[in-house]
$ cat my_file_24.pdb   # PDB, C-alpha atoms
ATOM      1  CA  MET A   1      -7.732  29.186  18.381  1.00  0.00           C
ATOM      2  CA  PRO A   2      -9.293  25.764  17.763  1.00  0.00           C
ATOM      3  CA  GLU A   3     -10.871  23.852  20.613  1.00  0.00           C
ATOM      4  CA  PRO A   4      -8.737  21.093  22.181  1.00  0.00           C
ATOM      5  CA  GLY A   5      -8.969  17.876  20.187  1.00  0.00           C
ATOM      6  CA  THR A   6     -10.008  19.592  16.950  1.00  0.00           C
ATOM      7  CA  LEU A   7      -7.932  20.174  13.861  1.00  0.00           C
ATOM      8  CA  ASN A   8      -7.441  23.541  12.261  1.00  0.00           C
ATOM      9  CA  ARG A   9      -7.104  23.872   8.499  1.00  0.00           C
ATOM     10  CA  ASN A  10      -3.276  24.010   8.521  1.00  0.00           C
ATOM     11  CA  ASP A  11      -3.029  20.912  10.719  1.00  0.00           C
ATOM     12  CA  ARG A  12      -5.218  18.990   8.300  1.00  0.00           C
ATOM     13  CA  LEU A  13      -3.129  20.114   5.342  1.00  0.00           C
ATOM     14  CA  ALA A  14       0.048  18.929   7.063  1.00  0.00           C
ATOM     15  CA  ASP A  15      -1.657  15.643   7.960  1.00  0.00           C
ATOM     16  CA  ARG A  16      -2.920  15.155   4.396  1.00  0.00           C
ATOM     17  CA  LEU A  17       0.598  15.705   3.082  1.00  0.00           C
ATOM     18  CA  ALA A  18       1.975  13.249   5.651  1.00  0.00           C
ATOM     19  CA  LEU A  19      -0.613  10.628   4.695  1.00  0.00           C
ATOM     20  CA  ARG A  20       0.167  11.043   0.998  1.00  0.00           C
ATOM     21  CA  ALA A  21       3.868  10.693   1.823  1.00  0.00           C
ATOM     22  CA  LEU A  22       3.006   7.495   3.736  1.00  0.00           C
ATOM     23  CA  VAL A  23       1.278   5.837   0.764  1.00  0.00           C
ATOM     24  CA  ASP A  24       4.035   7.008  -1.599  1.00  0.00           C
ATOM     25  CA  ALA A  25       6.697   5.622   0.766  1.00  0.00           C
ATOM     26  CA  TYR A  26       4.878   2.270   0.749  1.00  0.00           C
ATOM     27  CA  ALA A  27       4.947   2.116  -3.077  1.00  0.00           C
ATOM     28  CA  SER A  28       8.550   3.294  -3.305  1.00  0.00           C
ATOM     29  CA  GLY A  29       9.655   0.859  -0.602  1.00  0.00           C
ATOM     30  CA  VAL A  30       7.955  -2.075  -2.288  1.00  0.00           C
ATOM     31  CA  ASP A  31       9.517  -1.179  -5.656  1.00  0.00           C
ATOM     32  CA  GLY A  32      12.932  -0.761  -4.004  1.00  0.00           C
ATOM     33  CA  ARG A  33      12.565  -4.082  -2.158  1.00  0.00           C
ATOM     34  CA  ASP A  34      12.964  -2.295   1.186  1.00  0.00           C
ATOM     35  CA  VAL A  35      10.755  -4.792   3.007  1.00  0.00           C
ATOM     36  CA  ALA A  36      11.923  -3.690   6.474  1.00  0.00           C
ATOM     37  CA  GLY A  37      11.251  -0.054   5.576  1.00  0.00           C
ATOM     38  CA  VAL A  38       7.761  -0.837   4.316  1.00  0.00           C
ATOM     39  CA  THR A  39       7.048  -2.880   7.431  1.00  0.00           C
ATOM     40  CA  GLY A  40       8.094   0.137   9.505  1.00  0.00           C
ATOM     41  CA  LEU A  41       5.232   2.119   7.958  1.00  0.00           C
ATOM     42  CA  PHE A  42       2.746  -0.016   9.899  1.00  0.00           C
ATOM     43  CA  ALA A  43       1.598   0.530  13.466  1.00  0.00           C
ATOM     44  CA  THR A  44       2.917  -1.936  16.019  1.00  0.00           C
ATOM     45  CA  ASP A  45      -0.176  -4.154  15.720  1.00  0.00           C
ATOM     46  CA  GLY A  46      -0.899  -3.171  12.098  1.00  0.00           C
ATOM     47  CA  ARG A  47      -2.710  -5.418   9.642  1.00  0.00           C
ATOM     48  CA  LEU A  48      -2.159  -6.084   5.952  1.00  0.00           C
ATOM     49  CA  VAL A  49      -5.294  -7.525   4.350  1.00  0.00           C
ATOM     50  CA  ALA A  50      -5.282  -8.685   0.720  1.00  0.00           C
ATOM     51  CA  HIS A  51      -8.305  -9.560  -1.376  1.00  0.00           C
ATOM     52  CA  PHE A  52      -6.707 -11.095  -4.473  1.00  0.00           C
ATOM     53  CA  SER A  53      -9.907 -12.748  -5.674  1.00  0.00           C
ATOM     54  CA  ARG A  54     -12.809 -10.736  -7.045  1.00  0.00           C
ATOM     55  CA  ARG A  55     -15.252 -13.358  -5.749  1.00  0.00           C
ATOM     56  CA  PRO A  56     -17.236 -11.753  -2.923  1.00  0.00           C
ATOM     57  CA  ASP A  57     -17.182 -14.963  -0.860  1.00  0.00           C
ATOM     58  CA  ALA A  58     -13.406 -15.482  -1.144  1.00  0.00           C
ATOM     59  CA  PRO A  59     -11.647 -14.971   2.183  1.00  0.00           C
ATOM     60  CA  PRO A  60      -8.853 -12.381   2.314  1.00  0.00           C
ATOM     61  CA  THR A  61      -5.287 -13.087   3.312  1.00  0.00           C
ATOM     62  CA  VAL A  62      -4.660 -11.346   6.641  1.00  0.00           C
ATOM     63  CA  ARG A  63      -1.258 -10.608   8.165  1.00  0.00           C
ATOM     64  CA  GLN A  64      -1.076  -8.921  11.560  1.00  0.00           C
ATOM     65  CA  GLY A  65       1.952  -7.507  13.319  1.00  0.00           C
ATOM     66  CA  LYS A  66       5.233  -6.447  11.826  1.00  0.00           C
ATOM     67  CA  GLU A  67       6.770  -9.922  11.683  1.00  0.00           C
ATOM     68  CA  GLU A  68       3.882 -11.401   9.674  1.00  0.00           C
ATOM     69  CA  ILE A  69       3.717  -8.360   7.402  1.00  0.00           C
ATOM     70  CA  GLU A  70       7.452  -8.454   6.698  1.00  0.00           C
ATOM     71  CA  THR A  71       7.326 -12.178   5.869  1.00  0.00           C
ATOM     72  CA  ALA A  72       4.309 -11.702   3.576  1.00  0.00           C
ATOM     73  CA  LEU A  73       5.955  -8.820   1.700  1.00  0.00           C
ATOM     74  CA  ASP A  74       9.215 -10.711   1.296  1.00  0.00           C
ATOM     75  CA  GLU A  75       7.481 -13.835  -0.014  1.00  0.00           C
ATOM     76  CA  GLY A  76       5.058 -11.870  -2.179  1.00  0.00           C
ATOM     77  CA  LEU A  77       7.796  -9.947  -3.981  1.00  0.00           C
ATOM     78  CA  ARG A  78      10.138 -12.889  -4.503  1.00  0.00           C
ATOM     79  CA  PRO A  79       8.677 -14.068  -7.875  1.00  0.00           C
ATOM     80  CA  TYR A  80       9.114 -10.669  -9.539  1.00  0.00           C
ATOM     81  CA  GLN A  81      12.215  -9.266 -11.203  1.00  0.00           C
ATOM     82  CA  ALA A  82      10.908  -5.726 -10.737  1.00  0.00           C
ATOM     83  CA  THR A  83       7.766  -3.857  -9.757  1.00  0.00           C
ATOM     84  CA  THR A  84       6.517  -0.340 -10.429  1.00  0.00           C
ATOM     85  CA  HIS A  85       3.627   1.057  -8.438  1.00  0.00           C
ATOM     86  CA  VAL A  86       1.921   4.124  -9.899  1.00  0.00           C
ATOM     87  CA  VAL A  87      -0.047   5.705  -7.067  1.00  0.00           C
ATOM     88  CA  GLY A  88      -3.181   7.531  -8.155  1.00  0.00           C
ATOM     89  CA  GLY A  89      -5.715   9.485  -6.180  1.00  0.00           C
ATOM     90  CA  GLN A  90      -6.087   9.443  -2.432  1.00  0.00           C
ATOM     91  CA  VAL A  91      -9.206  10.451  -0.509  1.00  0.00           C
ATOM     92  CA  VAL A  92      -8.822  10.888   3.256  1.00  0.00           C
ATOM     93  CA  THR A  93     -11.380  11.472   5.997  1.00  0.00           C
ATOM     94  CA  PHE A  94     -10.279  12.360   9.521  1.00  0.00           C
ATOM     95  CA  ASP A  95     -12.052  10.628  12.388  1.00  0.00           C
ATOM     96  CA  THR A  96     -10.032  12.352  15.123  1.00  0.00           C
ATOM     97  CA  ALA A  97      -6.740  14.253  15.306  1.00  0.00           C
ATOM     98  CA  ASP A  98      -4.876  10.927  15.420  1.00  0.00           C
ATOM     99  CA  ARG A  99      -7.059   8.621  13.342  1.00  0.00           C
ATOM    100  CA  ALA A 100      -8.159   8.763   9.707  1.00  0.00           C
ATOM    101  CA  HIS A 101      -9.267   6.467   6.941  1.00  0.00           C
ATOM    102  CA  GLY A 102      -8.857   6.686   3.221  1.00  0.00           C
ATOM    103  CA  GLU A 103      -8.853   5.099  -0.182  1.00  0.00           C
ATOM    104  CA  THR A 104      -5.878   5.169  -2.542  1.00  0.00           C
ATOM    105  CA  THR A 105      -5.841   3.868  -6.107  1.00  0.00           C
ATOM    106  CA  CYS A 106      -2.783   2.238  -7.643  1.00  0.00           C
ATOM    107  CA  LEU A 107      -1.647   0.484 -10.799  1.00  0.00           C
ATOM    108  CA  ALA A 108       0.930  -2.120  -9.801  1.00  0.00           C
ATOM    109  CA  HIS A 109       3.186  -3.462 -12.555  1.00  0.00           C
ATOM    110  CA  HIS A 110       5.073  -6.719 -11.961  1.00  0.00           C
ATOM    111  CA  LEU A 111       7.794  -7.996 -14.286  1.00  0.00           C
ATOM    112  CA  TYR A 112       8.465 -11.741 -14.159  1.00  0.00           C
ATOM    113  CA  GLU A 113       9.512 -14.613 -16.369  1.00  0.00           C
ATOM    114  CA  HIS A 114       7.495 -17.707 -17.288  1.00  0.00           C
ATOM    115  CA  ASP A 115       9.033 -20.498 -19.388  1.00  0.00           C
ATOM    116  CA  GLY A 116      11.837 -18.133 -20.407  1.00  0.00           C
ATOM    117  CA  VAL A 117       9.432 -15.462 -21.651  1.00  0.00           C
ATOM    118  CA  PRO A 118       9.343 -12.081 -19.889  1.00  0.00           C
ATOM    119  CA  ARG A 119       5.822 -11.173 -18.808  1.00  0.00           C
ATOM    120  CA  LEU A 120       4.079  -8.155 -17.331  1.00  0.00           C
ATOM    121  CA  TYR A 121       1.366  -8.607 -14.725  1.00  0.00           C
ATOM    122  CA  VAL A 122      -0.586  -5.400 -14.052  1.00  0.00           C
ATOM    123  CA  ILE A 123      -3.218  -5.048 -11.358  1.00  0.00           C
ATOM    124  CA  ALA A 124      -5.467  -2.123 -10.556  1.00  0.00           C
ATOM    125  CA  VAL A 125      -5.991  -1.993  -6.826  1.00  0.00           C
ATOM    126  CA  ARG A 126      -7.738   0.147  -4.278  1.00  0.00           C
ATOM    127  CA  TYR A 127      -6.202   0.378  -0.866  1.00  0.00           C
ATOM    128  CA  HIS A 128      -8.718   0.928   1.914  1.00  0.00           C
ATOM    129  CA  ASP A 129      -6.554   2.301   4.696  1.00  0.00           C
ATOM    130  CA  LEU A 130      -6.962   3.018   8.366  1.00  0.00           C
ATOM    131  CA  TYR A 131      -4.290   5.430   9.573  1.00  0.00           C
ATOM    132  CA  VAL A 132      -3.232   6.150  13.147  1.00  0.00           C
ATOM    133  CA  ARG A 133      -0.722   8.544  14.564  1.00  0.00           C
ATOM    134  CA  GLU A 134       1.749   6.502  16.613  1.00  0.00           C
ATOM    135  CA  GLU A 135       4.605   8.204  18.464  1.00  0.00           C
ATOM    136  CA  GLY A 136       3.935  11.387  16.495  1.00  0.00           C
ATOM    137  CA  GLU A 137       4.050   9.694  13.055  1.00  0.00           C
ATOM    138  CA  TRP A 138       1.239   8.549  10.792  1.00  0.00           C
ATOM    139  CA  ARG A 139       1.223   4.768  10.279  1.00  0.00           C
ATOM    140  CA  PHE A 140      -1.013   2.178   8.679  1.00  0.00           C
ATOM    141  CA  ALA A 141      -3.237   0.599  11.323  1.00  0.00           C
ATOM    142  CA  GLN A 142      -4.667  -1.446   8.472  1.00  0.00           C
ATOM    143  CA  ARG A 143      -3.932  -1.513   4.744  1.00  0.00           C
ATOM    144  CA  GLU A 144      -6.556  -3.475   2.826  1.00  0.00           C
ATOM    145  CA  LEU A 145      -5.894  -4.224  -0.836  1.00  0.00           C
ATOM    146  CA  ARG A 146      -8.869  -4.838  -3.104  1.00  0.00           C
ATOM    147  CA  LEU A 147      -8.386  -5.947  -6.691  1.00  0.00           C
ATOM    148  CA  ASP A 148     -10.323  -4.059  -9.406  1.00  0.00           C
ATOM    149  CA  TRP A 149      -8.851  -5.803 -12.455  1.00  0.00           C
ATOM    150  CA  ARG A 150      -5.737  -7.568 -13.701  1.00  0.00           C
ATOM    151  CA  ASP A 151      -3.880  -8.147 -16.964  1.00  0.00           C
ATOM    152  CA  ASP A 152      -1.070 -10.613 -17.677  1.00  0.00           C
ATOM    153  CA  ARG A 153       0.778 -10.527 -20.992  1.00  0.00           C
ATOM    154  CA  PRO A 154       4.141 -10.964 -22.672  1.00  0.00           C
ATOM    155  CA  VAL A 155       6.391  -7.940 -22.328  1.00  0.00           C
ATOM    156  CA  GLY A 156       7.226  -5.852 -25.356  1.00  0.00           C
ATOM    157  CA  GLU A 157      10.585  -4.191 -25.792  1.00  0.00           C
ATOM    158  CA  ARG A 158      12.435  -3.467 -22.549  1.00  0.00           C
ATOM    159  CA  GLY A 159      14.884  -0.667 -21.947  1.00  0.00           C
ATOM    160  CA  ARG A 160      18.371  -1.283 -20.569  1.00  0.00           C
ATOM    161  CA  SER A 161      19.484   0.167 -17.274  1.00  0.00           C
TER
END
$ encode --input "my_file_24.pdb" --output "C-alpha cells"
Amino acid sequence: MPEPGTLNRNDRLADRLALRALVDAYASGVDGRDVAGVTGLFATDGRLVAHFSRRPDAPPTVRQGKEEIETALDEGLRPYQATTHVVGGQVVTFDTADRAHGETTCLAHHLYEHDGVPRLYVIAVRYHDLYVREEGEWRFAQRELRLDWRDDRPVGERGRS
C-alpha cells in the first residue's frame, strides 16, 4: 500500500493516459472548431501563453481565464478554412498527485486563402504544459506554445470531402 499522497505505478499510468487524452482533446477540439470544449480543458484560472516569435526578447501573448482563452481561440482560428494538428510525443513529470508538467510536440497545419490562392501554413510547436487535477479531472493550468519553425506555401492538390 503506498503512503498517503504518493502515487503507485497504476495511478501514474492512468494519469499519463488521462494527460495524453487531454492534449489530444485539445488538438481535436481546435480542429473541430469546438472553442467552448477546448476552453473547458483549462482550469478555472488557466493561462494560454503563445510565443509566436522566435526572437528571445519578444513578449508572449498571454490569455488568462476561460473568457480570455475562448476569445483568443475564436479569433485565432477565424482566418483558417481548416486546421489539422498532428500531436507527437509527450513527456510528463509528476510534481504531486494532483500537479504535473510536461512537453508535447505538435505539427499544426492551417489551410487558408490569400489573393484567391489556397495556402498551407505549417508550424512545429512545443507545448510546455502545467497540469492540475481540478474537481477530479486533469486540466491545463497553463499551456505555453513555443514555435520551433514555420513554413507557408501554396497548397498542392486537395481532396474533396
$ atom_distance --input "my_file_24.pdb" --atom1 "CA of Leu145 in chain A" --atom2 "CA of Arg47 in chain A"
11.0 Å
$ closest_residue --input "my_file_24.pdb" --among "A:Val155, A:Val35, A:Leu22, A:Leu147" --to "Gly102 in chain A" --atoms "only C-alpha atoms"
A:Leu22
$ closest_residue --input "my_file_24.pdb" --among "A:Glu68, A:Asp152, A:Asp45, A:Asp34" --to "Glu113 in chain A" --atoms "only C-alpha atoms"
A:Asp152
$ closest_residue --input "my_file_24.pdb" --among "A:Ala124, A:Ala97, A:Val30, A:Ala141" --to "Arg78 in chain A" --atoms "only C-alpha atoms"
A:Val30
$ atom_distance --input "my_file_24.pdb" --atom1 "CA of Thr105 in chain A" --atom2 "CA of Thr44 in chain A"
24.5 Å
$ closest_residue --input "my_file_24.pdb" --among "A:Ser28, A:Thr39, A:Ser53, A:Gln142" --to "His101 in chain A" --atoms "only C-alpha atoms"
A:Gln142
$ resolve_selection --input "my_file_24.pdb" --expression "the PyMOL selection byres ((chain A and resi 91) around 10)" --output "PyMOL selection string"
chain A and resi 16+20+89-90+92-93+101-105+128
$ residues_around --input "my_file_24.pdb" --residues "Ala108 in chain A" --least-positions-apart "4" --cutoff "9 Å" --atoms "all atoms listed in the file" --output "PyMOL selection string"
chain A and resi 27+83-87+121-125
$ residues_around --input "my_file_24.pdb" --residues "range 41-43 of chain A" --least-positions-apart "5" --cutoff "12 Å" --atoms "all atoms listed in the file" --output "VMD selection string"
chain A and resid 18 to 19 21 to 30 34 to 36 48 63 to 70 99 129 to 143
$ resolve_selection --input "my_file_24.pdb" --expression "the PyMOL selection byres ((chain A and resi 79) around 12)" --output "list in words"
Leu73, Asp74, Glu75, Gly76, Leu77, Arg78, Tyr80, Gln81, Ala82, Thr83, His110, Leu111, Tyr112, Glu113, His114, Arg119 and Tyr121 of chain A
$ closest_residue --input "my_file_24.pdb" --among "A:Gly156, A:Val117, A:Asp151, A:Glu144" --to "Thr61 in chain A" --atoms "only C-alpha atoms"
A:Glu144
$ atom_distance --input "my_file_24.pdb" --atom1 "CA of Gly46 in chain A" --atom2 "CA of Arg150 in chain A"
26.6 Å
$ closest_residue --input "my_file_24.pdb" --among "A:Leu13, A:Pro154, A:Arg146, A:Asp95" --to "Phe52 in chain A" --atoms "all atoms listed in the file"
A:Arg146
$ decode --input "my_file_24.pdb" --residues "range 118-136 of chain A" --atoms "C-alpha atoms" --output "JSON list (two decimals), in the first residue's frame"
[["chain", "number", "residue", "atom", "x", "y", "z"],
["A", 118, "PRO", "CA", -5.11, 28.32, -51.29],
["A", 119, "ARG", "CA", -2.13, 28.18, -48.96],
["A", 120, "LEU", "CA", -0.84, 25.87, -46.25],
["A", 121, "TYR", "CA", 0.80, 27.29, -43.15],
["A", 122, "VAL", "CA", 2.57, 24.63, -41.06],
["A", 123, "ILE", "CA", 4.14, 25.29, -37.68],
["A", 124, "ALA", "CA", 6.13, 22.97, -35.46],
["A", 125, "VAL", "CA", 5.36, 23.80, -31.86],
["A", 126, "ARG", "CA", 6.24, 22.58, -28.42],
["A", 127, "TYR", "CA", 3.65, 22.96, -25.74],
["A", 128, "HIS", "CA", 5.10, 23.43, -22.26],
["A", 129, "ASP", "CA", 2.19, 22.47, -20.04],
["A", 130, "LEU", "CA", 1.36, 22.70, -16.38],
["A", 131, "TYR", "CA", -1.44, 20.30, -15.48],
["A", 132, "VAL", "CA", -3.61, 20.31, -12.37],
["A", 133, "ARG", "CA", -6.33, 17.99, -11.22],
["A", 134, "GLU", "CA", -9.45, 20.10, -10.69],
["A", 135, "GLU", "CA", -12.67, 18.51, -9.44],
["A", 136, "GLY", "CA", -11.21, 15.08, -10.17]]
